[in-house]
Amino acid sequence: MRTLITPFFFFAVLLFCFSCKETEVPEPPGTPAITEAQQVKIDQLNTTVVPIVSGDPNLGHEELEVLDFLGDVRVVGLGEATHGTREFFQMKDRIFRYLVEVHGFQAFVFEMDVAEAMLFNDYIQGRVTPPLEVLMNDYMLFWTWNTQEVFDLLEWMKGYNDAVVDGQKLSFFGSDCQFTTYNADFLVNRLSAYDPDFADSINARLWNYRQISNGYYQGQAEPEDPIEAELSEAYNLIVEKEAEIIAALSERDYEEILLLATHLEQTRKTMWGNTFELGVNYRDLYMADNTTWVANFLGDASKIAVWAHNFHVSDFQQASSQGYYLKQHWTDNYKIVGFGFTNGAFRAVQPNVGLRDHNVAQDPPVASSNFLFHHVEADNFILKIDDLPLGSDIARFLTQEELFFQLGALFDGNVNNYYQATPLAYRYDVMIYFDETQAALELE
């Protein structure tokens with residue numbers, strides 16, 4: 001018998017299994033003293049980091065000049081150490097505006113279902129008229145993004161698009177495959193614009209797919225999974241109609257239709273099949289594939305930003321993260337910005353309680369990266385890893401498996417369970433740190 005696992009529980013287990021040290025993290029006894037060796041590392045950080053006032057996206061770009069090197073790459077991953085922190089969300093908005101206005105970035109790819117994101121892209125492109133708060137409250141599938149901070153980002157993107165001509169408009173895409181909710185309907189609706197009868201014939205092959213519940217299953221797929229065969233047949237029928245669809249609609253419409261057809265199989269694999277198989281993390285592999293699809297869809301000169309959790313954007317080979325796959329494909333054309341914090345509030349789901357605001361208020365473990373960051377003179381800062389003095393104590397420290405605080409959508413209240421062994425310098429090109437945070441604001 002299979003056991004259904006919700007997406008956020010699966011992600012929390014994924015982070016814990018791949019990242020946590022086997023030894024238990026001791027509770028800090030009061031305020032620990034800083035050793036001489038630690039002070040050396042802190043001093044080196046003090047001379048390297050760039051202090052920032054806050055994540056407020058309405059601030060200017062001067063504090064972000066240290067990130068100018070990101071303007072030379074095709075894909076920039078923007079992480080978050082929790083799925084519910086206001087400063088992380090605002091700072092990603094702030095960086096995206098800087099990348100757009102200073103470096104010509106064209107799109108934001110979210111840790112959001114591919115079909116779902118198409119609706120919000122229609123909004124920022126001016127193709128749908130309901131108020132954004134209505135769209136978010138009625139159609140946004142994951143609570144993590146239904147926030148004031150994401151609302152502000154999308155409204156800014158729409159305002160930007162309203163002021164420029166078509167060739168300069170920003171786009172909004174999804175890369176994730178956690179939900180089946182809109183996928184079949186979006187595909188059938190797109191095909192109806194080409195041929196309603198053909199759309200009906202494809203829809204008839206999607207009945208079994210529509211029965212898949214959102215979530216992840218343990219174990220292998222059924223020996224003869226009828227959904228896989230039906231989706232393959234539907235995909236092949238669409239490919240056979242390529243020339244006709246392009247003639248009736250456009251090449252770009254056909255590419256998006258084919259993406260939706262591909263996405264059906266992606267969600268089947270991650271939710272009905274097996275997310276991990278023969279060492280492959282299919283969810284993150286598909287996220288990387290969809291992100292690369294966006295870059296190719298927008299053209300060779302395009303530059304895009306990616307919004308996801310620290311884990312997903314990081315270069316984490318052992319767990320086959322999205323960032324690992326992107327790094328393999330894009331090499332130096334993919335750069336990664338991670339986020340960290342030590343104290344403060346955030347939103348997360350507490351097991352057996354539900355979604356609520358949490359607050360962390362304790363000294364970090366002395367053997368953690370957070371301990372050093374917590375004692376840097378600047379409360380909030382940007383650390384470009386390559387700016388660290390070559391061969392310095394802090395540079396070596398950040399290449400080691402030192403404890404680092406982060407969590408996904410779940411938090412059980414025990415901070416020590418979320419300090420994970422993380423060689424930050426190997427996972428990220430930039431670390432942005434806020435010593436104390438606020439919870440993301442739920443959209444009213």
# chains A, B, ... in the order shown; residues from 1 in each chain; ligands from 1
$ closest_atom_pairs --of "region 279-341 of chain A" --to "region 262-267 of chain A" --cutoff "9 Å" --atoms "only C-alpha atoms" --output "JSON lines"
{"residue": "A:Tyr282", "atom": "CA", "partner": "A:Gln266", "partner_atom": "CA", "distance": 8.1}
{"residue": "A:Arg283", "atom": "CA", "partner": "A:Gln266", "partner_atom": "CA", "distance": 7.8}
{"residue": "A:Tyr286", "atom": "CA", "partner": "A:Gln266", "partner_atom": "CA", "distance": 6.7}
{"residue": "A:Asn290", "atom": "CA", "partner": "A:His263", "partner_atom": "CA", "distance": 8.7}
$ residues_around --residues "region 389-393 of chain A" --least-positions-apart "5" --cutoff "12 Å" --atoms "only C-alpha atoms" --output "VMD selection string"
chain A and resid 36 to 49 372 384 398 to 400
$ residues_around --residues "Glu149 (chain A)" --least-positions-apart "5" --cutoff "9 Å" --atoms "only C-alpha atoms" --output "PDB file with all heavy atoms, in the first residue's frame"
ATOM      1  N   ARG A  86      10.134  37.433   5.084  1.00  0.00           N
ATOM      2  CA  ARG A  86       9.891  38.683   4.365  1.00  0.00           C
ATOM      3  C   ARG A  86      11.168  39.233   3.740  1.00  0.00           C
ATOM      4  O   ARG A  86      11.176  39.633   2.565  1.00  0.00           O
ATOM      5  CB  ARG A  86       9.279  39.705   5.329  1.00  0.00           C
ATOM      6  CG  ARG A  86       8.977  41.068   4.698  1.00  0.00           C
ATOM      7  CD  ARG A  86       8.144  41.923   5.639  1.00  0.00           C
ATOM      8  NE  ARG A  86       7.943  43.282   5.163  1.00  0.00           N
ATOM      9  CZ  ARG A  86       7.056  43.648   4.239  1.00  0.00           C
ATOM     10  NH1 ARG A  86       6.296  42.728   3.680  1.00  0.00           N
ATOM     11  NH2 ARG A  86       6.934  44.907   3.874  1.00  0.00           N
ATOM     12  N   PHE A  89      12.228  37.354   0.546  1.00  0.00           N
ATOM     13  CA  PHE A  89      11.358  37.631  -0.595  1.00  0.00           C
ATOM     14  C   PHE A  89      11.579  39.043  -1.129  1.00  0.00           C
ATOM     15  O   PHE A  89      11.658  39.263  -2.340  1.00  0.00           O
ATOM     16  CB  PHE A  89       9.898  37.460  -0.188  1.00  0.00           C
ATOM     17  CG  PHE A  89       9.483  36.030   0.087  1.00  0.00           C
ATOM     18  CD1 PHE A  89      10.396  34.995   0.058  1.00  0.00           C
ATOM     19  CD2 PHE A  89       8.165  35.723   0.368  1.00  0.00           C
ATOM     20  CE1 PHE A  89      10.015  33.681   0.304  1.00  0.00           C
ATOM     21  CE2 PHE A  89       7.765  34.419   0.605  1.00  0.00           C
ATOM     22  CZ  PHE A  89       8.687  33.398   0.575  1.00  0.00           C
ATOM     23  N   GLN A  90      11.667  40.013  -0.215  1.00  0.00           N
ATOM     24  CA  GLN A  90      11.881  41.393  -0.662  1.00  0.00           C
ATOM     25  C   GLN A  90      13.230  41.556  -1.345  1.00  0.00           C
ATOM     26  O   GLN A  90      13.345  42.260  -2.354  1.00  0.00           O
ATOM     27  CB  GLN A  90      11.787  42.341   0.535  1.00  0.00           C
ATOM     28  CG  GLN A  90      10.388  42.583   1.047  1.00  0.00           C
ATOM     29  CD  GLN A  90      10.348  43.706   2.050  1.00  0.00           C
ATOM     30  OE1 GLN A  90      11.220  43.834   2.916  1.00  0.00           O
ATOM     31  NE2 GLN A  90       9.331  44.550   1.956  1.00  0.00           N
ATOM     32  N   ASP A  93      13.179  40.275  -4.834  1.00  0.00           N
ATOM     33  CA  ASP A  93      12.495  41.274  -5.652  1.00  0.00           C
ATOM     34  C   ASP A  93      13.467  42.416  -5.969  1.00  0.00           C
ATOM     35  O   ASP A  93      13.589  42.857  -7.117  1.00  0.00           O
ATOM     36  CB  ASP A  93      11.270  41.787  -4.894  1.00  0.00           C
ATOM     37  CG  ASP A  93      10.444  42.802  -5.668  1.00  0.00           C
ATOM     38  OD1 ASP A  93      10.843  43.208  -6.779  1.00  0.00           O
ATOM     39  OD2 ASP A  93       9.384  43.214  -5.150  1.00  0.00           O
ATOM     40  N   LEU A 154       4.965  41.023  -8.498  1.00  0.00           N
ATOM     41  CA  LEU A 154       4.162  40.863  -9.707  1.00  0.00           C
ATOM     42  C   LEU A 154       3.564  42.188 -10.162  1.00  0.00           C
ATOM     43  O   LEU A 154       3.500  42.473 -11.372  1.00  0.00           O
ATOM     44  CB  LEU A 154       3.056  39.831  -9.466  1.00  0.00           C
ATOM     45  CG  LEU A 154       3.538  38.383  -9.302  1.00  0.00           C
ATOM     46  CD1 LEU A 154       2.397  37.491  -8.832  1.00  0.00           C
ATOM     47  CD2 LEU A 154       4.138  37.844 -10.597  1.00  0.00           C
ATOM     48  N   ALA A 440       7.056  36.489   6.384  1.00  0.00           N
ATOM     49  CA  ALA A 440       6.393  36.999   5.183  1.00  0.00           C
ATOM     50  C   ALA A 440       4.934  37.311   5.498  1.00  0.00           C
ATOM     51  O   ALA A 440       4.301  36.657   6.332  1.00  0.00           O
ATOM     52  CB  ALA A 440       6.482  35.952   4.071  1.00  0.00           C
ATOM     53  N   LEU A 441       4.395  38.328   4.831  1.00  0.00           N
ATOM     54  CA  LEU A 441       3.039  38.790   5.113  1.00  0.00           C
ATOM     55  C   LEU A 441       2.042  38.063   4.236  1.00  0.00           C
ATOM     56  O   LEU A 441       2.090  38.149   3.005  1.00  0.00           O
ATOM     57  CB  LEU A 441       2.947  40.308   4.880  1.00  0.00           C
ATOM     58  CG  LEU A 441       3.883  41.186   5.706  1.00  0.00           C
ATOM     59  CD1 LEU A 441       3.692  42.644   5.324  1.00  0.00           C
ATOM     60  CD2 LEU A 441       3.647  40.975   7.193  1.00  0.00           C
ATOM     61  N   GLU A 442       1.138  37.343   4.869  1.00  0.00           N
ATOM     62  CA  GLU A 442       0.095  36.651   4.112  1.00  0.00           C
ATOM     63  C   GLU A 442      -0.780  37.666   3.400  1.00  0.00           C
ATOM     64  O   GLU A 442      -1.202  38.663   3.979  1.00  0.00           O
ATOM     65  CB  GLU A 442      -0.745  35.789   5.045  1.00  0.00           C
ATOM     66  CG  GLU A 442      -1.816  34.989   4.327  1.00  0.00           C
ATOM     67  CD  GLU A 442      -2.596  34.106   5.274  1.00  0.00           C
ATOM     68  OE1 GLU A 442      -2.337  34.159   6.500  1.00  0.00           O
ATOM     69  OE2 GLU A 442      -3.486  33.359   4.801  1.00  0.00           O
ATOM     70  N   LEU A 443      -1.061  37.404   2.128  1.00  0.00           N
ATOM     71  CA  LEU A 443      -1.892  38.324   1.360  1.00  0.00           C
ATOM     72  C   LEU A 443      -3.322  38.259   1.864  1.00  0.00           C
ATOM     73  O   LEU A 443      -3.904  37.185   2.012  1.00  0.00           O
ATOM     74  CB  LEU A 443      -1.844  37.941  -0.124  1.00  0.00           C
ATOM     75  CG  LEU A 443      -2.497  38.928  -1.095  1.00  0.00           C
ATOM     76  CD1 LEU A 443      -1.743  40.250  -1.081  1.00  0.00           C
ATOM     77  CD2 LEU A 443      -2.513  38.338  -2.495  1.00  0.00           C
TER      78      LEU A 443
END
$ closest_residue --among "A:Asn137, A:Gln318, A:Thr82, A:Gln362" --to "Phe411 (chain A)" --atoms "only C-alpha atoms"
A:Thr82
$ atom_distance --atom1 "CA of Val73 (chain A)" --atom2 "CA of Thr292 (chain A)"
13.3 Å
$ closest_atom_pairs --of "region 232-345 of chain A" --to "region 100-115 of chain A" --cutoff "9 Å" --atoms "only C-alpha atoms" --output "Markdown table"
| residue | atom | partner | partner_atom | distance |
| --- | --- | --- | --- | --- |
| A:Leu259 | CA | A:Val114 | CA | 8.6 |
| A:Leu260 | CA | A:Ala115 | CA | 7.0 |
| A:His263 | CA | A:Val114 | CA | 7.3 |
| A:Met287 | CA | A:Glu111 | CA | 8.0 |
| A:Asn290 | CA | A:Val114 | CA | 8.2 |
| A:Thr291 | CA | A:Val109 | CA | 6.7 |
| A:Val294 | CA | A:Val109 | CA | 8.0 |
| A:Ala295 | CA | A:Ala107 | CA | 8.8 |
| A:Leu298 | CA | A:Gln106 | CA | 8.3 |
| A:Ser302 | CA | A:Gln106 | CA | 6.5 |
| A:Lys303 | CA | A:Phe105 | CA | 4.7 |
| A:Ile304 | CA | A:Ala107 | CA | 4.9 |
| A:Ala305 | CA | A:Phe108 | CA | 4.9 |
| A:Val306 | CA | A:Val109 | CA | 4.7 |
| A:Trp307 | CA | A:Phe110 | CA | 4.7 |
| A:Ala308 | CA | A:Glu111 | CA | 5.0 |
| A:His309 | CA | A:Glu111 | CA | 7.9 |
| A:His312 | CA | A:Glu111 | CA | 8.7 |
$ atom_distance --atom1 "CA of Ser369 (chain A)" --atom2 "CA of Ile34 (chain A)"
13.1 Å
$ atom_distance --atom1 "CA of Val337 (chain A)" --atom2 "CA of Tyr418 (chain A)"
19.7 Å
